[in-house]
file protein.cif (mmCIF, C-alpha atoms)
data_final
loop_
_atom_site.label_atom_id
_atom_site.label_comp_id
_atom_site.auth_asym_id
_atom_site.auth_seq_id
_atom_site.Cartn_x
_atom_site.Cartn_y
_atom_site.Cartn_z
CA MET A 1 69.36 92.09 176.15
CA ASN A 2 72.70 90.84 174.83
CA ARG A 3 72.23 87.51 176.50
CA VAL A 4 73.08 85.14 173.72
CA PRO A 5 76.59 86.47 173.01
CA LEU A 6 77.51 86.22 176.69
CA GLU A 7 76.12 82.72 176.99
CA LYS A 8 78.23 81.82 173.98
CA LYS A 9 81.31 83.29 175.63
CA VAL A 10 80.67 81.40 178.88
CA LEU A 11 80.08 78.19 176.96
CA SER A 12 83.18 78.56 174.78
CA GLU A 13 85.32 79.13 177.88
CA ASN A 14 83.72 76.01 179.34
CA ASP A 15 84.36 74.10 176.11
CA ARG A 16 88.03 75.08 176.16
CA ILE A 17 88.53 73.71 179.67
CA ALA A 18 86.44 70.63 178.88
CA ALA A 19 88.60 69.90 175.84
CA GLU A 20 91.73 70.06 178.01
CA LEU A 21 90.14 67.72 180.54
CA ARG A 22 89.09 65.30 177.78
CA LYS A 23 92.63 65.28 176.44
CA ARG A 24 94.03 64.43 179.89
CA PHE A 25 91.44 61.68 180.47
CA HIS A 26 92.19 60.28 177.03
CA GLU A 27 95.95 60.26 177.57
CA LYS A 28 95.50 58.36 180.82
CA GLY A 29 93.07 55.91 179.22
CA LEU A 30 90.43 56.48 181.87
CA LEU A 31 86.71 56.33 181.23
CA CYS A 32 84.87 59.48 182.31
CA LEU A 33 81.07 59.57 182.55
CA ASN A 34 78.64 62.41 183.27
CA LEU A 35 75.42 61.23 184.95
CA ILE A 36 72.42 63.51 184.46
CA SER A 37 68.79 63.30 185.55
CA SER A 38 65.95 65.07 187.32
CA PRO A 39 66.27 65.46 191.09
CA GLY A 40 65.44 62.18 192.76
CA SER A 41 65.72 59.89 189.73
CA GLY A 42 68.19 57.68 191.54
CA LYS A 43 71.67 58.75 190.44
CA THR A 44 73.12 58.38 193.92
CA ALA A 45 71.28 55.09 194.51
CA LEU A 46 72.68 53.65 191.27
CA LEU A 47 76.17 54.80 192.26
CA GLU A 48 75.79 53.23 195.70
CA LYS A 49 74.91 49.90 194.11
CA THR A 50 77.75 50.31 191.62
CA LEU A 51 80.40 51.06 194.25
CA GLU A 52 79.07 48.25 196.43
CA ALA A 53 79.36 45.75 193.57
CA LEU A 54 82.82 46.73 192.35
CA PRO A 55 85.86 44.90 193.73
CA LYS A 56 87.90 46.96 196.19
CA SER A 57 90.78 46.83 193.72
CA GLU A 58 88.75 48.81 191.19
CA ARG A 59 90.22 52.25 190.51
CA VAL A 60 87.03 54.31 190.50
CA ALA A 61 86.44 57.85 191.73
CA VAL A 62 83.34 60.05 191.94
CA LEU A 63 82.68 63.78 191.92
CA THR A 64 79.11 64.45 193.00
CA GLY A 65 77.39 67.79 192.44
CA ASP A 66 74.64 69.45 194.41
CA ILE A 67 73.47 72.99 195.00
CA GLN A 68 73.67 72.53 198.76
CA THR A 69 74.60 69.74 201.22
CA GLU A 70 77.29 67.07 201.32
CA ASN A 71 74.64 64.35 201.62
CA ASP A 72 75.49 62.48 198.43
CA ALA A 73 79.23 62.37 199.09
CA ALA A 74 78.52 61.07 202.59
CA ARG A 75 76.35 58.30 201.10
CA LEU A 76 79.01 57.34 198.55
CA ARG A 77 82.12 57.55 200.75
CA ARG A 78 80.98 54.49 202.73
CA PHE A 79 82.35 52.20 200.03
CA GLY A 80 85.97 53.26 200.44
CA PHE A 81 86.56 54.79 197.01
CA PRO A 82 87.62 58.43 196.53
CA VAL A 83 84.54 60.69 196.48
CA LYS A 84 84.32 64.48 196.52
CA GLN A 85 81.28 66.71 196.79
CA ILE A 86 81.02 69.76 194.55
CA THR A 87 78.59 72.21 196.13
CA THR A 88 77.60 74.70 193.45
CA GLY A 89 75.95 77.17 195.82
CA GLY A 90 73.01 77.95 193.55
CA THR A 91 74.35 77.07 190.11
CA CYS A 92 72.07 74.62 188.32
CA HIS A 93 74.77 72.45 186.72
CA LEU A 94 78.40 71.40 187.01
CA ASP A 95 80.84 73.14 184.70
CA ALA A 96 84.29 72.22 183.47
CA ARG A 97 86.09 74.66 185.75
CA MET A 98 84.49 73.12 188.85
CA ILE A 99 85.67 69.73 187.64
CA GLU A 100 89.19 70.99 186.94
CA ARG A 101 89.43 72.54 190.41
CA HIS A 102 88.15 69.47 192.25
CA LEU A 103 90.43 67.12 190.32
CA ALA A 104 93.53 69.19 191.09
CA ASP A 105 94.78 66.99 193.94
CA TRP A 106 93.79 63.61 192.46
CA ARG A 107 96.29 61.57 190.42
CA LEU A 108 94.50 60.69 187.22
CA ASP A 109 96.87 57.81 186.47
CA GLU A 110 95.48 56.07 189.55
CA ILE A 111 91.91 56.22 188.20
CA ASP A 112 90.35 53.98 185.52
CA LEU A 113 86.74 55.08 185.93
CA LEU A 114 85.80 58.65 186.83
CA ILE A 115 82.12 59.44 187.35
CA PHE A 116 80.53 62.87 187.65
CA GLU A 117 77.11 62.91 189.26
CA ASN A 118 75.63 66.15 188.00
CA VAL A 119 73.19 68.47 189.82
CA GLY A 120 69.64 67.10 189.63
CA ASN A 121 68.32 68.94 186.59
CA LEU A 122 67.21 67.56 183.25
CA VAL A 123 67.80 70.82 181.37
CA CYS A 124 70.89 72.91 182.10
CA PRO A 125 73.56 70.20 182.60
CA SER A 126 73.06 69.10 179.00
CA SER A 127 74.68 72.35 177.78
CA TYR A 128 77.93 72.02 179.77
CA ASP A 129 80.63 69.69 178.48
CA LEU A 130 82.73 68.35 181.37
CA GLY A 131 85.26 66.51 179.24
CA GLU A 132 83.41 63.22 179.69
CA ALA A 133 83.59 60.35 177.19
CA ALA A 134 79.82 59.93 177.48
CA LYS A 135 76.78 61.42 179.11
CA VAL A 136 74.38 58.98 180.76
CA VAL A 137 70.80 60.10 181.36
CA LEU A 138 68.62 58.48 184.01
CA LEU A 139 64.82 58.48 183.90
CA SER A 140 62.74 56.98 186.67
CA VAL A 141 59.46 55.21 185.95
CA THR A 142 57.67 57.68 188.24
CA GLU A 143 58.40 60.59 185.88
CA GLY A 144 56.21 59.84 182.86
CA GLU A 145 57.10 58.31 179.53
CA ASP A 146 56.92 61.60 177.59
CA LYS A 147 60.03 63.07 179.24
CA PRO A 148 62.37 62.30 176.28
CA LEU A 149 60.09 64.38 174.04
CA LYS A 150 59.83 67.22 176.54
CA TYR A 151 63.57 67.36 177.31
CA PRO A 152 65.05 66.21 173.98
CA SER A 153 68.50 67.78 174.34
CA ILE A 154 69.78 65.54 177.10
CA PHE A 155 68.34 62.39 175.55
CA PHE A 156 69.89 63.29 172.21
CA LYS A 157 73.31 63.94 173.76
CA SER A 158 73.47 60.88 176.04
CA GLU A 159 75.02 57.59 174.92
CA LEU A 160 72.97 55.59 177.36
CA LEU A 161 69.54 55.84 178.98
CA VAL A 162 69.23 54.11 182.34
CA ILE A 163 65.57 53.65 183.25
CA THR A 164 65.44 53.48 187.06
CA LYS A 165 63.00 52.30 189.75
CA THR A 166 61.43 49.56 187.60
CA ASP A 167 60.32 47.93 190.89
CA LEU A 168 57.65 50.67 191.02
CA LEU A 169 56.18 49.77 187.59
CA PRO A 170 53.19 47.90 189.08
CA TYR A 171 52.14 51.03 190.97
CA VAL A 172 52.56 53.80 188.38
CA PRO A 173 50.94 54.56 185.02
CA PHE A 174 54.25 54.35 183.09
CA ASP A 175 54.46 52.62 179.72
CA ILE A 176 58.12 51.57 179.64
CA ASP A 177 58.04 50.46 176.00
CA LYS A 178 56.58 53.83 175.04
CA ALA A 179 59.30 55.59 177.06
CA GLU A 180 61.98 53.68 175.14
CA GLU A 181 60.24 54.42 171.85
CA ASN A 182 60.17 58.15 172.76
CA ALA A 183 63.87 58.08 173.67
CA ARG A 184 64.71 56.48 170.33
CA ARG A 185 62.56 59.00 168.45
CA VAL A 186 64.88 61.68 169.84
CA HIS A 187 68.03 59.55 169.63
CA PRO A 188 67.79 56.61 167.20
CA GLY A 189 69.86 53.64 168.27
CA MET A 190 70.25 54.92 171.85
CA GLU A 191 71.36 52.21 174.26
CA ILE A 192 68.89 51.59 177.09
CA ILE A 193 69.17 49.62 180.34
CA ARG A 194 66.25 48.97 182.68
CA THR A 195 67.20 48.99 186.36
CA SER A 196 65.95 48.89 189.90
CA SER A 197 68.55 49.80 192.50
CA THR A 198 66.22 48.50 195.22
CA LYS A 199 65.91 45.05 193.65
CA GLY A 200 69.27 44.94 191.87
CA THR A 201 67.54 44.52 188.50
CA GLY A 202 69.71 45.38 185.51
CA LEU A 203 72.77 46.05 187.65
CA ASN A 204 74.83 43.48 185.73
CA ASP A 205 73.86 45.09 182.43
CA TRP A 206 75.04 48.43 183.79
CA LEU A 207 78.29 46.98 185.16
CA GLY A 208 78.86 45.25 181.80
CA TRP A 209 78.33 48.55 179.97
CA LEU A 210 80.89 50.21 182.30
CA GLU A 211 83.37 47.36 181.72
CA ARG A 212 83.11 47.67 177.94
CA GLY A 213 83.54 51.44 178.19
CA LYS A 214 86.65 51.05 180.35
CA SER A 215 88.18 48.54 177.93
CA THR A 216 87.60 50.90 175.02
CA ALA A 217 89.09 53.83 176.94
CA THR A 218 92.17 51.78 177.88
CA ALA A 219 92.65 50.50 174.33
CA ARG A 220 92.44 54.02 172.93
CA ALA A 221 94.69 55.66 175.55
CA GLY A 222 97.12 58.10 174.02
CA THR A 223 95.86 57.68 170.45
CA LEU A 224 94.13 60.59 168.79
CA PRO A 225 90.58 60.91 170.13
CA MET B 1 83.73 86.70 182.69
CA ASN B 2 81.25 89.52 183.41
CA ARG B 3 78.50 87.06 184.01
CA VAL B 4 77.01 88.33 187.22
CA PRO B 5 76.26 91.89 186.04
CA LEU B 6 74.49 90.55 182.95
CA GLU B 7 72.44 88.10 184.97
CA LYS B 8 71.45 91.00 187.16
CA LYS B 9 70.38 92.99 184.12
CA VAL B 10 68.32 90.10 182.74
CA LEU B 11 66.71 89.56 186.13
CA SER B 12 65.95 93.25 186.67
CA GLU B 13 64.27 93.44 183.26
CA ASN B 14 62.28 90.35 184.25
CA ASP B 15 61.43 91.92 187.62
CA ARG B 16 60.16 95.05 185.93
CA ILE B 17 57.74 93.09 183.71
CA ALA B 18 56.75 90.84 186.61
CA ALA B 19 55.92 93.90 188.74
CA GLU B 20 53.65 95.22 185.96
CA LEU B 21 51.94 91.84 185.71
CA ARG B 22 51.50 91.68 189.49
CA LYS B 23 49.92 95.14 189.47
CA ARG B 24 47.45 94.09 186.76
CA PHE B 25 46.57 90.85 188.57
CA HIS B 26 46.15 92.77 191.80
CA GLU B 27 43.87 95.39 190.22
CA LYS B 28 41.64 92.67 188.80
CA GLY B 29 41.59 90.80 192.12
CA LEU B 30 42.66 87.55 190.53
CA LEU B 31 44.79 84.94 192.28
CA CYS B 32 47.92 84.01 190.32
CA LEU B 33 50.02 80.97 191.25
CA ASN B 34 53.34 79.68 189.91
CA LEU B 35 53.69 75.88 190.22
CA ILE B 36 57.28 74.61 190.32
CA SER B 37 58.79 71.13 190.69
CA SER B 38 61.19 68.59 189.22
CA PRO B 39 60.15 66.96 185.95
CA GLY B 40 57.53 64.30 186.64
CA SER B 41 56.55 65.37 190.16
CA GLY B 42 52.91 65.56 189.15
CA LYS B 43 52.17 69.22 188.38
CA THR B 44 50.00 68.35 185.38
CA ALA B 45 48.28 65.49 187.23
CA LEU B 46 47.39 67.82 190.12
CA LEU B 47 46.05 70.39 187.65
CA GLU B 48 44.00 67.70 185.88
CA LYS B 49 42.38 66.76 189.19
CA THR B 50 41.88 70.43 190.05
CA LEU B 51 40.20 71.33 186.77
CA GLU B 52 38.09 68.17 186.95
CA ALA B 53 36.88 69.07 190.46
CA LEU B 54 36.10 72.75 189.82
CA PRO B 55 32.57 73.75 188.77
CA LYS B 56 32.30 74.72 185.09
CA SER B 57 31.35 78.23 186.24
CA GLU B 58 34.79 78.67 187.80
CA ARG B 59 36.84 81.33 186.05
CA VAL B 60 40.21 79.57 185.95
CA ALA B 61 42.91 79.66 183.27
CA VAL B 62 46.25 77.89 182.89
CA LEU B 63 49.53 78.68 181.14
CA THR B 64 51.68 75.55 181.03
CA GLY B 65 55.38 75.66 180.21
CA ASP B 66 57.60 73.04 178.63
CA ILE B 67 60.80 73.02 176.64
CA GLN B 68 59.16 71.03 173.86
CA THR B 69 55.74 69.48 173.13
CA GLU B 70 52.15 70.61 173.65
CA ASN B 71 51.41 67.46 175.68
CA ASP B 72 50.48 69.19 178.92
CA ALA B 73 48.14 71.70 177.31
CA ALA B 74 46.43 68.84 175.46
CA ARG B 75 45.93 67.01 178.77
CA LEU B 76 44.52 70.11 180.47
CA ARG B 77 42.27 71.41 177.67
CA ARG B 78 39.93 68.43 178.07
CA PHE B 79 38.23 70.14 181.01
CA GLY B 80 36.91 73.09 178.99
CA PHE B 81 38.85 75.91 180.70
CA PRO B 82 41.23 78.22 178.82
CA VAL B 83 44.70 76.62 178.61
CA LYS B 84 47.75 77.73 176.63
CA GLN B 85 51.08 75.99 176.16
CA ILE B 86 54.27 78.03 176.39
CA THR B 87 57.01 76.13 174.58
CA THR B 88 60.32 77.64 175.68
CA GLY B 89 62.43 75.92 173.01
CA GLY B 90 65.34 75.13 175.30
CA THR B 91 64.97 77.70 178.05
CA CYS B 92 64.89 76.06 181.48
CA HIS B 93 62.22 78.27 183.06
CA LEU B 94 59.30 80.56 182.27
CA ASP B 95 60.02 84.27 182.41
CA ALA B 96 57.77 87.29 182.82
CA ARG B 97 57.97 88.30 179.15
CA MET B 98 56.71 84.88 178.02
CA ILE B 99 53.79 85.30 180.42
CA GLU B 100 53.04 88.83 179.21
CA ARG B 101 53.06 87.69 175.58
CA HIS B 102 50.82 84.67 176.16
CA LEU B 103 48.33 86.67 178.23
CA ALA B 104 48.00 89.38 175.57
CA ASP B 105 44.73 88.07 174.10
CA TRP B 106 43.10 86.94 177.36
CA ARG B 107 40.74 89.26 179.28
CA LEU B 108 42.04 89.28 182.82
CA ASP B 109 38.73 90.55 184.21
CA GLU B 110 37.20 87.24 183.14
CA ILE B 111 39.70 85.23 185.23
CA ASP B 112 39.65 84.68 189.01
CA LEU B 113 42.37 82.04 189.23
CA LEU B 114 45.38 82.05 186.90
CA ILE B 115 47.85 79.20 187.22
CA PHE B 116 51.32 78.97 185.65
CA GLU B 117 52.74 75.46 185.41
CA ASN B 118 56.47 76.10 185.13
CA VAL B 119 59.04 74.02 183.22
CA GLY B 120 59.99 70.90 185.20
CA ASN B 121 63.09 72.13 187.03
CA LEU B 122 63.67 72.59 190.74
CA VAL B 123 66.45 75.15 190.30
CA CYS B 124 66.14 77.87 187.66
CA PRO B 125 62.41 78.75 187.87
CA SER B 126 62.93 79.89 191.46
CA SER B 127 64.93 82.91 190.18
CA TYR B 128 62.26 84.27 187.81
CA ASP B 129 59.36 86.23 189.22
CA LEU B 130 56.28 85.86 187.00
CA GLY B 131 54.10 88.33 188.89
CA GLU B 132 52.43 85.54 190.84
CA ALA B 133 50.89 86.05 194.29
CA ALA B 134 52.55 82.83 195.44
CA LYS B 135 54.89 80.11 194.31
CA VAL B 136 53.80 76.55 195.04
CA VAL B 137 56.47 73.84 195.08
CA LEU B 138 55.62 70.17 194.50
CA LEU B 139 57.74 67.29 195.78
CA SER B 140 56.86 63.69 195.02
CA VAL B 141 57.52 60.94 197.55
CA THR B 142 59.72 59.17 194.99
CA GLU B 143 62.30 61.98 195.09
CA GLY B 144 63.87 61.66 198.53
CA GLU B 145 63.22 63.59 201.72
CA ASP B 146 66.45 65.62 201.55
CA LYS B 147 65.37 67.64 198.50
CA PRO B 148 64.39 70.78 200.52
CA LEU B 149 67.96 70.90 201.89
CA LYS B 150 69.53 70.33 198.48
CA TYR B 151 67.35 72.86 196.66
CA PRO B 152 66.66 75.39 199.42
CA SER B 153 65.86 78.41 197.24
CA ILE B 154 62.58 77.16 195.85
CA PHE B 155 61.40 75.79 199.20
CA PHE B 156 62.27 79.10 200.87
CA LYS B 157 60.40 81.13 198.25
CA SER B 158 57.24 79.00 198.03
CA GLU B 159 54.19 79.69 200.17
CA LEU B 160 53.00 76.11 199.95
CA LEU B 161 54.59 72.68 199.60
CA VAL B 162 52.39 70.05 197.97
CA ILE B 163 53.77 66.58 198.63
CA THR B 164 52.55 64.39 195.75
CA LYS B 165 52.14 60.66 195.00
CA THR B 166 51.54 59.67 198.64
CA ASP B 167 49.90 56.48 197.28
CA LEU B 168 53.45 55.28 196.54
CA LEU B 169 54.61 55.67 200.17
CA PRO B 170 54.35 51.92 200.91
CA TYR B 171 56.79 51.15 198.08
CA VAL B 172 59.51 53.81 198.52
CA PRO B 173 62.01 54.61 201.30
CA PHE B 174 60.62 58.11 201.89
CA ASP B 175 60.18 59.51 205.40
CA ILE B 176 57.38 62.04 204.88
CA ASP B 177 57.69 63.53 208.38
CA LYS B 178 61.39 64.06 207.79
CA ALA B 179 60.65 65.67 204.42
CA GLU B 180 58.27 68.13 206.11
CA GLU B 181 60.81 68.79 208.86
CA ASN B 182 63.46 69.52 206.19
CA ALA B 183 61.10 71.88 204.34
CA ARG B 184 60.41 73.77 207.57
CA ARG B 185 64.13 73.96 208.39
CA VAL B 186 64.50 75.92 205.15
CA HIS B 187 61.18 77.76 205.48
CA PRO B 188 59.78 77.85 209.02
CA GLY B 189 56.00 77.88 209.11
CA MET B 190 55.68 76.71 205.50
CA GLU B 191 52.22 75.37 204.70
CA ILE B 192 52.24 71.73 203.56
CA ILE B 193 49.56 69.56 201.96
CA ARG B 194 49.95 65.82 201.36
CA THR B 195 48.29 64.61 198.16
CA SER B 196 47.82 61.71 195.80
CA SER B 197 46.30 62.65 192.47
CA THR B 198 45.75 58.95 191.74
CA LYS B 199 43.72 58.36 194.91
CA GLY B 200 42.32 61.88 195.33
CA THR B 201 43.99 62.20 198.75
CA GLY B 202 44.38 65.77 199.97
CA LEU B 203 42.55 67.24 196.98
CA ASN B 204 40.03 68.99 199.24
CA ASP B 205 42.83 70.54 201.28
CA TRP B 206 44.35 71.86 198.07
CA LEU B 207 41.00 73.15 196.76
CA GLY B 208 40.38 74.80 200.15
CA TRP B 209 43.78 76.49 199.98
CA LEU B 210 42.95 77.79 196.49
CA GLU B 211 39.56 79.04 197.68
CA ARG B 212 41.08 80.97 200.59
CA GLY B 213 43.69 82.45 198.25
CA LYS B 214 41.03 83.57 195.80
CA SER B 215 38.97 85.19 198.57
CA THR B 216 42.01 87.10 199.79
CA ALA B 217 42.86 88.23 196.25
CA THR B 218 39.29 89.41 195.65
CA ALA B 219 39.12 91.23 198.99
CA ARG B 220 42.37 93.06 198.27
CA ALA B 221 41.61 93.95 194.65
CA GLY B 222 42.64 97.49 193.81
CA THR B 223 44.10 98.24 197.25
CA LEU B 224 47.81 98.78 197.55
CA PRO B 225 49.64 95.45 197.39
#
call {"tool": "encode", "arguments": {"input": "protein.cif", "output": "structure tokens"}}
result
Amino acid sequence: MNRVPLEKKVLSENDRIAAELRKRFHEKGLLCLNLISSPGSGKTALLEKTLEALPKSERVAVLTGDIQTENDAARLRRFGFPVKQITTGGTCHLDARMIERHLADWRLDEIDLLIFENVGNLVCPSSYDLGEAAKVVLLSVTEGEDKPLKYPSIFFKSELLVITKTDLLPYVPFDIDKAEENARRVHPGMEIIRTSSTKGTGLNDWLGWLERGKSTATARAGTLP
Amino acid sequence: MNRVPLEKKVLSENDRIAAELRKRFHEKGLLCLNLISSPGSGKTALLEKTLEALPKSERVAVLTGDIQTENDAARLRRFGFPVKQITTGGTCHLDARMIERHLADWRLDEIDLLIFENVGNLVCPSSYDLGEAAKVVLLSVTEGEDKPLKYPSIFFKSELLVITKTDLLPYVPFDIDKAEENARRVHPGMEIIRTSSTKGTGLNDWLGWLERGKSTATARAGTLP
């Protein structure tokens, strides 16, 4: 089976489009993030809390991916910011062409923070560059602290680990220090934020991380990446 | 990009091997199951409870898949039954050839119940037949009740839905009746068992389901599938 060469071809086509997207994001000085996790780790919940907390003047936009349903976009549109659903119709990840197509009628110079919520999948999305400045991986405390060792690629490639659902820690056998240790075995120096969207824990740390990222993106706008 | 024809070729090669495996399982009268869920939904925990509950005379064997680590096999070997880890090294699902290779030195006529624990992924494993008599999908109550609508393929293809971690219901916003309703919108008549591996809830229902499956497999051994 000549599978590997074709995968390479698909990926290099994806990389070409992603590089063009990255260049456009960079020129505009906008911060683009790619959120990745298992299904049900709380990507949409974190985004709800984020959009709720941001001032209405904030220039943020979200593309949210799912195999089927517009549920996530419906949840996120309530906050008044631009949100589009990408329904992949079976595909297990977002790719750069989907992003390019769904951005076509948005003006990038009116956006400072662009967030992609990937399809719920801890494996495949890690292989597809979307032109983002950083990947962010979420891991909920219900999933087990060995996940960074079992799914090393996405933990290695992500700038930030957001541990979610810490409000459930009293009820689950999850060693959060061990989880962080495992993440840093795969990715030494990885930044980590502990959050609970239900309780609001860690939300300020997350918003602060976003703010620093935006400042860096603005400062670097138009310079060579 | 000629991606679709190649995917078809890969899948038809997989289907050919899976059909051979199914024929062998059928001739021996063994029950083969393919367990699929998101990462951290509790496949290994359910299998731990299952192996712990079964009499030592039970002829059960497990192949457990992960991208990296032998953690799951180590957890499952404690119960004295044959267990092998399949480490896929990046691949997001088990395929029939991996199964064929890892079964090569096991005597199938010494096994009545053969369980595959797939890679944690709610998307890709649904496309790869492993020769199993039935797929079983797990969904934990921490994941959200809309998952059957967002990931319809695996809920449509599975004979049984095992809802896991019901001990966490008091602490999460999960409507279990709605989750079951969503599963049955995708797959009318789907069998559903509610479980908590921590509390032992529903374990007898699950063991009863296995027992009925084994009886059916034995009764049909050698007849045309």
call {"tool": "interface_residues", "arguments": {"input": "protein.cif", "of": "chain A", "to": "chain B", "cutoff": "8 Å", "atoms": "only C-alpha atoms", "output": "CSV table (one decimal) with C-alpha atoms, in the coordinates of the input"}}
result
chain,number,residue,atom,x,y,z
A,1,MET,CA,69.4,92.1,176.2
A,3,ARG,CA,72.2,87.5,176.5
A,6,LEU,CA,77.5,86.2,176.7
A,10,VAL,CA,80.7,81.4,178.9
A,38,SER,CA,66.0,65.1,187.3
A,39,PRO,CA,66.3,65.5,191.1
A,40,GLY,CA,65.4,62.2,192.8
A,41,SER,CA,65.7,59.9,189.7
A,66,ASP,CA,74.6,69.4,194.4
A,67,ILE,CA,73.5,73.0,195.0
A,68,GLN,CA,73.7,72.5,198.8
A,69,THR,CA,74.6,69.7,201.2
A,90,GLY,CA,73.0,78.0,193.6
A,92,CYS,CA,72.1,74.6,188.3
A,121,ASN,CA,68.3,68.9,186.6
A,122,LEU,CA,67.2,67.6,183.2
A,123,VAL,CA,67.8,70.8,181.4
A,124,CYS,CA,70.9,72.9,182.1
A,142,THR,CA,57.7,57.7,188.2
A,143,GLU,CA,58.4,60.6,185.9
A,144,GLY,CA,56.2,59.8,182.9
A,147,LYS,CA,60.0,63.1,179.2
A,149,LEU,CA,60.1,64.4,174.0
A,150,LYS,CA,59.8,67.2,176.5
A,151,TYR,CA,63.6,67.4,177.3
A,152,PRO,CA,65.0,66.2,174.0
A,168,LEU,CA,57.6,50.7,191.0
A,171,TYR,CA,52.1,51.0,191.0
call {"tool": "resolve_selection", "arguments": {"input": "protein.cif", "expression": "the PyMOL selection byres ((chain A and resi 96-101) around 9)", "output": "PyMOL selection string"}}
result
chain A and resi 13-18+21+63+86+88+94-95+102-105+116+128-131
call {"tool": "atom_distance", "arguments": {"input": "protein.cif", "atom1": "atom CA of Thr201 of chain A", "atom2": "atom CA of Arg78 of chain A"}}
result
22.0 Å
call {"tool": "atom_distance", "arguments": {"input": "protein.cif", "atom1": "atom CA of Lys43 of chain A", "atom2": "atom CA of Ala134 of chain A"}}
result
15.4 Å
call {"tool": "atom_distance", "arguments": {"input": "protein.cif", "atom1": "atom CA of Lys84 of chain A", "atom2": "atom CA of Leu203 of chain A"}}
result
23.5 Å
call {"tool": "closest_residue", "arguments": {"input": "protein.cif", "among": "B:Leu207, B:Lys157, B:Ser127, B:Gln85", "to": "Leu51 of chain B", "atoms": "only C-alpha atoms"}}
result
B:Leu207
call {"tool": "closest_residue", "arguments": {"input": "protein.cif", "among": "B:Lys214, B:Lys23, B:Arg194, B:His187", "to": "Arg59 of chain B", "atoms": "all atoms listed in the file"}}
result
B:Lys214
call {"tool": "resolve_selection", "arguments": {"input": "protein.cif", "expression": "the PyMOL selection byres ((chain A and resi 189) around 12)", "output": "number ranges by chain"}}
result
A: 155-156, 158-161, 180-188, 190-192
call {"tool": "residues_around", "arguments": {"input": "protein.cif", "residues": "Leu30 of chain B", "least_positions_apart": "5", "cutoff": "6 Å", "atoms": "all atoms listed in the file", "output": "ChimeraX atom specification"}}
result
/B:25,112-113,217
call {"tool": "resolve_selection", "arguments": {"input": "protein.cif", "expression": "the PyMOL selection byres ((chain A and resi 133) around 8)", "output": "PyMOL selection string"}}
result
chain A and resi 22+31-33+131-132+134-135
call {"tool": "closest_residue", "arguments": {"input": "protein.cif", "among": "B:Ser197, B:Thr164, B:Ser57, B:Ser12", "to": "Glu110 of chain B", "atoms": "only C-alpha atoms"}}
result
B:Ser57
call {"tool": "residues_around", "arguments": {"input": "protein.cif", "residues": "segment 218-223 of chain A", "least_positions_apart": "2", "cutoff": "8 Å", "atoms": "only C-alpha atoms", "output": "compact mmCIF listing (two decimals) with C-alpha atoms, in the coordinates of the input"}}
result
# COMPACT_ATOMS: atom_id res chain seq x y z
CA HIS A 26 92.19 60.28 177.03
CA GLU A 27 95.95 60.26 177.57
CA LYS A 28 95.50 58.36 180.82
CA GLY A 29 93.07 55.91 179.22
CA LEU A 30 90.43 56.48 181.87
CA LEU A 31 86.71 56.33 181.23
CA LYS A 214 86.65 51.05 180.35
CA SER A 215 88.18 48.54 177.93
CA THR A 216 87.60 50.90 175.02
CA PRO A 225 90.58 60.91 170.13
